[in-house]
file model-v4.pdb (PDB, C-alpha atoms)
ATOM      1  CA  MET A   1     186.032  44.895 360.149
ATOM      2  CA  LYS A   2     182.516  43.895 359.085
ATOM      3  CA  GLY A   3     182.518  46.718 356.547
ATOM      4  CA  LEU A   4     185.824  45.434 355.132
ATOM      5  CA  TRP A   5     184.454  41.926 354.625
ATOM      6  CA  LYS A   6     181.372  43.334 352.908
ATOM      7  CA  ARG A   7     183.605  45.288 350.528
ATOM      8  CA  ILE A   8     185.689  42.146 349.808
ATOM      9  CA  ALA A   9     182.565  40.033 349.186
ATOM     10  CA  ALA A  10     181.115  42.671 346.897
ATOM     11  CA  GLY A  11     184.373  42.806 344.969
ATOM     12  CA  LEU A  12     184.421  39.037 344.530
ATOM     13  CA  LEU A  13     180.838  39.061 343.278
ATOM     14  CA  LEU A  14     181.606  41.789 340.755
ATOM     15  CA  SER A  15     184.675  39.870 339.568
ATOM     16  CA  ALA A  16     182.661  36.665 339.137
ATOM     17  CA  ALA A  17     179.971  38.535 337.202
ATOM     18  CA  ALA A  18     182.595  40.075 334.938
ATOM     19  CA  VAL A  19     184.158  36.668 334.234
ATOM     20  CA  THR A  20     180.748  35.151 333.513
ATOM     21  CA  ALA A  21     179.862  37.975 331.135
ATOM     22  CA  ALA A  22     183.160  37.500 329.304
ATOM     23  CA  LEU A  23     182.518  33.782 328.638
ATOM     24  CA  PRO A  24     181.284  33.076 325.066
ATOM     25  CA  VAL A  25     177.664  31.953 324.749
ATOM     26  CA  SER A  26     177.240  28.910 322.489
ATOM     27  CA  ALA A  27     174.401  28.429 320.030
ATOM     28  CA  ALA A  28     172.145  25.587 321.151
ATOM     29  CA  TRP A  29     168.779  23.926 320.797
ATOM     30  CA  GLN A  30     166.268  24.934 323.450
ATOM     31  CA  GLN A  31     163.021  23.216 324.434
ATOM     32  CA  ALA A  32     160.016  25.271 325.467
ATOM     33  CA  ASP A  33     157.733  24.280 328.314
ATOM     34  CA  GLY A  34     155.195  22.891 325.849
ATOM     35  CA  GLY A  35     157.791  20.564 324.335
ATOM     36  CA  ASP A  36     158.424  22.540 321.140
ATOM     37  CA  TRP A  37     162.019  23.090 320.040
ATOM     38  CA  TRP A  38     163.689  26.303 318.933
ATOM     39  CA  TYR A  39     167.271  27.265 318.180
ATOM     40  CA  SER A  40     169.205  30.020 319.903
ATOM     41  CA  TYR A  41     172.171  31.582 318.105
ATOM     42  CA  ALA A  42     175.196  32.700 320.101
ATOM     43  CA  ASP A  43     174.036  36.326 319.930
ATOM     44  CA  GLY A  44     170.663  35.437 321.414
ATOM     45  CA  SER A  45     168.688  35.676 318.173
ATOM     46  CA  TYR A  46     166.794  32.737 316.673
ATOM     47  CA  PRO A  47     165.585  31.623 313.226
ATOM     48  CA  SER A  48     161.894  31.996 312.430
ATOM     49  CA  ASP A  49     159.373  31.907 309.566
ATOM     50  CA  GLY A  50     161.524  29.920 307.133
ATOM     51  CA  PHE A  51     164.410  27.544 306.624
ATOM     52  CA  ALA A  52     167.726  27.683 308.438
ATOM     53  CA  GLN A  53     170.812  25.520 308.014
ATOM     54  CA  ILE A  54     172.203  24.253 311.308
ATOM     55  CA  ASP A  55     175.192  21.924 311.561
ATOM     56  CA  GLY A  56     174.873  20.952 307.909
ATOM     57  CA  SER A  57     171.142  20.126 307.958
ATOM     58  CA  TRP A  58     168.135  22.227 306.969
ATOM     59  CA  TYR A  59     165.291  22.935 309.384
ATOM     60  CA  LEU A  60     162.018  24.811 309.010
ATOM     61  CA  PHE A  61     160.742  27.178 311.695
ATOM     62  CA  ASP A  62     157.333  28.789 312.118
ATOM     63  CA  GLU A  63     156.721  32.495 312.635
ATOM     64  CA  SER A  64     157.283  32.096 316.389
ATOM     65  CA  GLY A  65     160.599  30.339 315.877
ATOM     66  CA  TYR A  66     159.499  26.809 316.722
ATOM     67  CA  MET A  67     160.866  23.884 314.711
ATOM     68  CA  LEU A  68     158.386  22.102 312.411
ATOM     69  CA  THR A  69     158.162  18.396 311.546
ATOM     70  CA  GLY A  70     156.233  16.237 309.062
ATOM     71  CA  TRP A  71     154.728  17.542 305.820
ATOM     72  CA  GLN A  72     154.897  21.319 305.530
ATOM     73  CA  GLN A  73     153.809  23.523 302.635
ATOM     74  CA  VAL A  74     155.843  26.610 301.800
ATOM     75  CA  GLY A  75     154.175  28.577 299.035
ATOM     76  CA  SER A  76     153.066  25.945 296.536
ATOM     77  CA  THR A  77     155.810  23.447 297.477
ATOM     78  CA  TRP A  78     155.657  20.583 299.960
ATOM     79  CA  TYR A  79     158.603  19.520 302.136
ATOM     80  CA  TYR A  80     159.050  16.721 304.649
ATOM     81  CA  LEU A  81     160.877  17.179 307.954
ATOM     82  CA  ASP A  82     161.607  14.055 310.010
ATOM     83  CA  GLU A  83     160.915  13.679 313.734
ATOM     84  CA  ASN A  84     164.140  15.573 314.460
ATOM     85  CA  GLY A  85     163.137  18.410 312.137
ATOM     86  CA  VAL A  86     165.711  17.568 309.447
ATOM     87  CA  MET A  87     164.552  18.295 305.889
ATOM     88  CA  GLN A  88     164.527  15.113 303.800
ATOM     89  CA  THR A  89     165.759  14.622 300.227
ATOM     90  CA  GLY A  90     165.720  11.686 297.795
ATOM     91  CA  TRP A  91     163.425   8.701 298.206
ATOM     92  CA  LEU A  92     161.249   8.755 301.303
ATOM     93  CA  GLN A  93     159.205   5.794 302.518
ATOM     94  CA  LEU A  94     156.161   6.577 304.650
ATOM     95  CA  PRO A  95     153.334   4.279 305.804
ATOM     96  CA  ASP A  96     151.176   5.306 302.829
ATOM     97  CA  GLY A  97     153.840   4.871 300.132
ATOM     98  CA  TRP A  98     157.053   6.156 298.546
ATOM     99  CA  TYR A  99     157.788   9.798 297.739
ATOM    100  CA  PHE A 100     160.684  11.579 296.038
ATOM    101  CA  LEU A 101     162.074  14.893 297.278
ATOM    102  CA  ASN A 102     164.609  16.716 295.109
ATOM    103  CA  GLY A 103     167.941  18.091 296.283
ATOM    104  CA  GLY A 104     166.211  21.187 297.609
ATOM    105  CA  GLY A 105     163.698  19.101 299.545
ATOM    106  CA  ALA A 106     160.731  19.825 297.260
ATOM    107  CA  MET A 107     158.242  16.969 296.778
ATOM    108  CA  GLN A 108     158.097  15.834 293.152
ATOM    109  CA  THR A 109     155.013  14.928 291.125
ATOM    110  CA  GLY A 110     154.535  13.592 287.604
ATOM    111  CA  TRP A 111     157.218  11.745 285.669
ATOM    112  CA  LEU A 112     160.602  11.270 287.312
ATOM    113  CA  GLN A 113     163.755   9.781 285.814
ATOM    114  CA  ASN A 114     166.050   8.482 288.524
ATOM    115  CA  GLY A 115     168.767   5.832 288.537
ATOM    116  CA  GLY A 116     168.107   4.862 284.936
ATOM    117  CA  TYR A 117     164.374   4.233 285.488
ATOM    118  CA  TRP A 118     161.197   6.207 284.896
ATOM    119  CA  TYR A 119     158.706   6.563 287.735
ATOM    120  CA  TYR A 120     155.336   8.229 287.972
ATOM    121  CA  LEU A 121     154.408  10.200 291.088
ATOM    122  CA  ASP A 122     150.740  11.112 291.469
ATOM    123  CA  GLY A 123     149.385  14.539 292.357
ATOM    124  CA  GLY A 124     149.963  13.799 296.047
ATOM    125  CA  GLY A 125     153.579  12.772 295.374
ATOM    126  CA  ARG A 126     153.077   9.011 295.902
ATOM    127  CA  MET A 127     154.947   6.633 293.609
ATOM    128  CA  ALA A 128     152.592   4.700 291.332
ATOM    129  CA  THR A 129     152.647   0.943 290.779
ATOM    130  CA  GLY A 130     150.574  -1.211 288.448
ATOM    131  CA  TRP A 131     148.420   0.347 285.750
ATOM    132  CA  ARG A 132     148.198   4.131 285.763
ATOM    133  CA  GLN A 133     146.406   6.428 283.338
ATOM    134  CA  VAL A 134     148.276   9.644 282.531
ATOM    135  CA  GLY A 135     146.176  11.870 280.335
ATOM    136  CA  SER A 136     144.578   9.555 277.776
ATOM    137  CA  THR A 137     147.407   6.993 277.944
ATOM    138  CA  TRP A 138     147.868   3.971 280.187
ATOM    139  CA  TYR A 139     151.269   2.947 281.577
ATOM    140  CA  TYR A 140     152.376   0.015 283.681
ATOM    141  CA  MET A 141     154.818   0.307 286.605
ATOM    142  CA  ASP A 142     156.168  -2.752 288.388
ATOM    143  CA  GLU A 143     156.222  -3.253 292.170
ATOM    144  CA  SER A 144     159.363  -1.097 292.403
ATOM    145  CA  GLY A 145     157.668   1.717 290.515
ATOM    146  CA  HIS A 146     159.736   1.207 287.340
ATOM    147  CA  MET A 147     157.876   1.966 284.122
ATOM    148  CA  VAL A 148     157.837  -1.282 282.148
ATOM    149  CA  THR A 149     159.171  -1.520 278.596
ATOM    150  CA  GLY A 150     160.765  -4.180 276.394
ATOM    151  CA  GLU A 151     160.459  -7.900 276.944
ATOM    152  CA  ARG A 152     157.852  -9.044 279.395
ATOM    153  CA  THR A 153     156.561 -12.405 280.524
ATOM    154  CA  ILE A 154     152.979 -13.009 279.421
ATOM    155  CA  ASP A 155     151.218 -16.143 280.587
ATOM    156  CA  GLY A 156     154.597 -17.565 281.599
ATOM    157  CA  VAL A 157     156.168 -17.012 278.154
ATOM    158  CA  ALA A 158     158.914 -14.420 277.623
ATOM    159  CA  THR A 159     157.857 -12.491 274.514
ATOM    160  CA  PRO A 160     159.676  -9.559 272.849
ATOM    161  CA  LEU A 161     157.068  -6.833 272.520
ATOM    162  CA  THR A 162     156.795  -3.526 270.783
ATOM    163  CA  ILE A 163     153.921  -2.019 272.666
ATOM    164  CA  PRO A 164     152.352   1.419 272.293
ATOM    165  CA  ALA A 165     152.652   3.343 275.557
ATOM    166  CA  ARG A 166     149.096   2.504 276.564
ATOM    167  CA  TRP A 167     149.944  -1.195 276.566
ATOM    168  CA  TRP A 168     153.300  -1.260 278.316
ATOM    169  CA  GLY A 169     153.268  -4.293 280.583
ATOM    170  CA  THR A 170     150.626  -6.945 280.975
ATOM    171  CA  ALA A 171     147.007  -6.414 281.900
ATOM    172  CA  PRO A 172     144.893  -9.045 283.661
ATOM    173  CA  ALA A 173     143.716 -11.820 281.320
ATOM    174  CA  SER A 174     140.163 -10.459 281.169
ATOM    175  CA  ARG A 175     141.440  -7.114 279.896
ATOM    176  CA  ARG A 176     144.487  -8.121 277.900
ATOM    177  CA  PRO A 177     145.120  -6.658 274.416
ATOM    178  CA  THR A 178     144.932  -8.845 271.324
ATOM    179  CA  TRP A 179     148.533  -9.615 270.266
ATOM    180  CA  ARG A 180     149.308  -9.904 266.558
ATOM    181  CA  PRO A 181     152.648 -10.481 264.775
ATOM    182  CA  SER A 182     154.270  -7.392 263.261
ATOM    183  CA  GLY A 183     157.568  -8.176 261.574
ATOM    184  CA  ARG A 184     159.908  -9.755 264.139
ATOM    185  CA  CYS A 185     157.929  -8.733 267.178
ATOM    186  CA  TRP A 186     154.369  -8.558 268.421
ATOM    187  CA  THR A 187     152.247  -5.454 268.748
ATOM    188  CA  ALA A 188     149.082  -4.823 270.697
ATOM    189  CA  GLN A 189     145.926  -4.360 268.700
ATOM    190  CA  PRO A 190     143.272  -2.374 270.587
ATOM    191  CA  SER A 191     140.089  -4.245 271.342
ATOM    192  CA  ARG A 192     137.088  -3.804 273.585
ATOM    193  CA  ARG A 193     138.724  -5.974 276.245
ATOM    194  CA  SER A 194     142.192  -4.472 275.969
ATOM    195  CA  ARG A 195     141.988  -1.474 278.318
ATOM    196  CA  PRO A 196     143.735  -2.034 281.687
ATOM    197  CA  PRO A 197     141.649  -2.039 284.841
ATOM    198  CA  ILE A 198     141.024   1.341 286.385
ATOM    199  CA  PRO A 199     143.209   1.751 289.509
ATOM    200  CA  ASN A 200     141.474   2.213 292.819
TER     201      ASN A 200
END
call {"tool": "encode", "arguments": {"input": "model-v4.pdb", "output": "structure tokens"}}
result
Amino acid sequence: MKGLWKRIAAGLLLSAAAVTAALPVSAAWQQADGGDWWYSYADGSYPSDGFAQIDGSWYLFDESGYMLTGWQQVGSTWYYLDENGVMQTGWLQLPDGWYFLNGGGAMQTGWLQNGGYWYYLDGGGRMATGWRQVGSTWYYMDESGHMVTGERTIDGVATPLTIPARWWGTAPASRRPTWRPSGRCWTAQPSRRSRPPIPN
């Protein structure tokens, strides 16, 4: 009788194991003992050393398969992954300023036209405001980063201006260009005091 019960128990265990093996294994995020996250596909494999799209979002994994966050450089291109590892696109505000990441997540530098405005992003990707020298030319961007053109208020007076690129906007009074009439508008005449202040 004891032998019969052993055979029944063994049969039940084998049946349970077979049922368990037949159940589908779902892909899921896994957390390692050190707190790092990795992703397990249903077949047991995992993404590593590059980007992977998971549930509609893009993630970046190191060579060991662990998810990366923050600024990451791939080749010569910088990307930003938030605290959940999701690759960011569009405008990104960080404690040190604003950045713009294109549709593929790549950080942009230089001139950017977006939403009908021109912006300038420095070599580190930060959006410029105020006076900024690009090459040998000075430009002025307002507090929203928009490059300034057209009518501006100078000393409290709205004045239509045709201003060479180096004089777009208004410089501090001590370094303001000399304005002279030119037809129906005013143009900036270079002078020793007319160069904008050098940004910090």
call {"tool": "resolve_selection", "arguments": {"input": "model-v4.pdb", "expression": "the PyMOL selection byres ((chain A and resi 105) around 6)", "output": "ChimeraX atom specification"}}
result
/A:79,88-89,101-104,106
call {"tool": "write_last_selection", "arguments": {"input": "model-v4.pdb", "atoms": "C-alpha atoms", "output": "compact mmCIF listing (two decimals), in the coordinates of the input"}}
result
# COMPACT_ATOMS: atom_id res chain seq x y z
CA TYR A 79 158.60 19.52 302.14
CA GLN A 88 164.53 15.11 303.80
CA THR A 89 165.76 14.62 300.23
CA LEU A 101 162.07 14.89 297.28
CA ASN A 102 164.61 16.72 295.11
CA GLY A 103 167.94 18.09 296.28
CA GLY A 104 166.21 21.19 297.61
CA ALA A 106 160.73 19.82 297.26
call {"tool": "atom_distance", "arguments": {"input": "model-v4.pdb", "atom1": "CA of Trp131 (chain A)", "atom2": "CA of Trp78 (chain A)"}}
result
25.8 Å
call {"tool": "resolve_selection", "arguments": {"input": "model-v4.pdb", "expression": "the PyMOL selection byres ((chain A and resi 34-47) around 10)", "output": "JSON, numbers by chain"}}
result
{"A": [24, 25, 26, 27, 28, 29, 30, 31, 32, 33, 48, 49, 50, 51, 52, 53, 54, 59, 60, 61, 62, 63, 64, 65, 66, 67, 68, 84, 85]}
call {"tool": "atom_distance", "arguments": {"input": "model-v4.pdb", "atom1": "CA of Phe100 (chain A)", "atom2": "CA of Leu121 (chain A)"}}
result
8.1 Å
call {"tool": "resolve_selection", "arguments": {"input": "model-v4.pdb", "expression": "the PyMOL selection byres ((chain A and resi 97) around 10)", "output": "list in words"}}
result
Leu92, Gln93, Leu94, Pro95, Asp96, Trp98, Tyr99, Gly125, Arg126, Met127 and Ala128 of chain A
call {"tool": "atom_distance", "arguments": {"input": "model-v4.pdb", "atom1": "CA of Gly56 (chain A)", "atom2": "CA of Gly75 (chain A)"}}
result
23.8 Å
call {"tool": "closest_residue", "arguments": {"input": "model-v4.pdb", "among": "A:Gln108, A:Ser57, A:Thr149, A:Thr137", "to": "Gly90 (chain A)", "atoms": "only C-alpha atoms"}}
result
A:Gln108
call {"tool": "decode", "arguments": {"input": "model-v4.pdb", "residues": "region 59-70 of chain A", "atoms": "all heavy atoms", "output": "short mmCIF file (atom, residue, chain, number, x, y, z; two decimals), in the first residue's frame"}}
result
data_model
loop_
_atom_site.label_atom_id
_atom_site.label_comp_id
_atom_site.auth_asym_id
_atom_site.auth_seq_id
_atom_site.Cartn_x
_atom_site.Cartn_y
_atom_site.Cartn_z
N TYR A 59 14.37 52.13 -24.62
CA TYR A 59 15.27 52.01 -23.47
C TYR A 59 16.67 51.69 -23.99
O TYR A 59 16.84 51.13 -25.07
CB TYR A 59 14.81 50.90 -22.52
CG TYR A 59 13.44 51.11 -21.93
CD1 TYR A 59 12.30 50.77 -22.64
CD2 TYR A 59 13.29 51.64 -20.66
CE1 TYR A 59 11.03 50.97 -22.12
CE2 TYR A 59 12.03 51.84 -20.11
CZ TYR A 59 10.91 51.51 -20.85
OH TYR A 59 9.65 51.71 -20.31
N LEU A 60 17.67 52.04 -23.18
CA LEU A 60 19.05 51.75 -23.54
C LEU A 60 19.66 50.83 -22.48
O LEU A 60 19.52 51.09 -21.27
CB LEU A 60 19.85 53.06 -23.62
CG LEU A 60 21.33 52.93 -24.01
CD1 LEU A 60 21.48 52.32 -25.40
CD2 LEU A 60 22.01 54.30 -23.96
N PHE A 61 20.31 49.78 -22.95
CA PHE A 61 20.88 48.78 -22.04
C PHE A 61 22.39 48.69 -22.26
O PHE A 61 22.89 48.84 -23.38
CB PHE A 61 20.25 47.40 -22.29
CG PHE A 61 18.76 47.37 -22.03
CD1 PHE A 61 17.86 47.72 -23.02
CD2 PHE A 61 18.27 47.02 -20.78
CE1 PHE A 61 16.49 47.70 -22.79
CE2 PHE A 61 16.91 46.99 -20.52
CZ PHE A 61 16.02 47.34 -21.53
N ASP A 62 23.13 48.45 -21.17
CA ASP A 62 24.57 48.30 -21.29
C ASP A 62 24.92 46.90 -21.77
O ASP A 62 24.04 46.08 -22.06
CB ASP A 62 25.28 48.66 -19.98
CG ASP A 62 24.97 47.69 -18.85
OD1 ASP A 62 24.45 46.58 -19.10
OD2 ASP A 62 25.27 48.04 -17.68
N GLU A 63 26.23 46.64 -21.87
CA GLU A 63 26.67 45.35 -22.42
C GLU A 63 26.27 44.17 -21.54
O GLU A 63 26.22 43.02 -22.01
CB GLU A 63 28.18 45.35 -22.63
CG GLU A 63 29.02 45.51 -21.37
CD GLU A 63 29.17 46.97 -20.96
OE1 GLU A 63 28.56 47.85 -21.60
OE2 GLU A 63 29.91 47.23 -19.97
N SER A 64 25.96 44.42 -20.28
CA SER A 64 25.52 43.34 -19.39
C SER A 64 24.01 43.19 -19.36
O SER A 64 23.48 42.30 -18.69
CB SER A 64 26.04 43.59 -17.96
OG SER A 64 27.45 43.61 -17.93
N GLY A 65 23.32 44.09 -20.05
CA GLY A 65 21.87 44.00 -20.11
C GLY A 65 21.13 44.86 -19.10
O GLY A 65 19.91 44.76 -18.98
N TYR A 66 21.86 45.70 -18.37
CA TYR A 66 21.20 46.54 -17.37
C TYR A 66 20.73 47.86 -17.99
O TYR A 66 21.43 48.45 -18.82
CB TYR A 66 22.14 46.82 -16.20
CG TYR A 66 22.44 45.59 -15.38
CD1 TYR A 66 23.73 45.09 -15.29
CD2 TYR A 66 21.42 44.92 -14.70
CE1 TYR A 66 24.01 43.95 -14.55
CE2 TYR A 66 21.68 43.79 -13.96
CZ TYR A 66 22.97 43.30 -13.89
OH TYR A 66 23.23 42.16 -13.16
N MET A 67 19.56 48.30 -17.58
CA MET A 67 18.96 49.53 -18.08
C MET A 67 19.75 50.75 -17.63
O MET A 67 20.18 50.84 -16.48
CB MET A 67 17.51 49.63 -17.59
CG MET A 67 16.75 50.84 -18.07
SD MET A 67 15.19 51.01 -17.16
CE MET A 67 15.78 51.74 -15.62
N LEU A 68 19.94 51.73 -18.54
CA LEU A 68 20.68 52.94 -18.24
C LEU A 68 19.74 54.12 -18.07
O LEU A 68 18.64 54.14 -18.63
CB LEU A 68 21.67 53.24 -19.37
CG LEU A 68 22.75 52.17 -19.59
CD1 LEU A 68 23.53 52.45 -20.86
CD2 LEU A 68 23.68 52.11 -18.38
N THR A 69 20.16 55.12 -17.30
CA THR A 69 19.37 56.33 -17.10
C THR A 69 20.30 57.54 -17.24
O THR A 69 21.53 57.42 -17.26
CB THR A 69 18.70 56.36 -15.72
OG1 THR A 69 19.72 56.33 -14.70
CG2 THR A 69 17.76 55.18 -15.53
N GLY A 70 19.70 58.74 -17.33
CA GLY A 70 20.46 59.97 -17.42
C GLY A 70 21.07 60.16 -18.80
O GLY A 70 20.64 59.56 -19.78
#
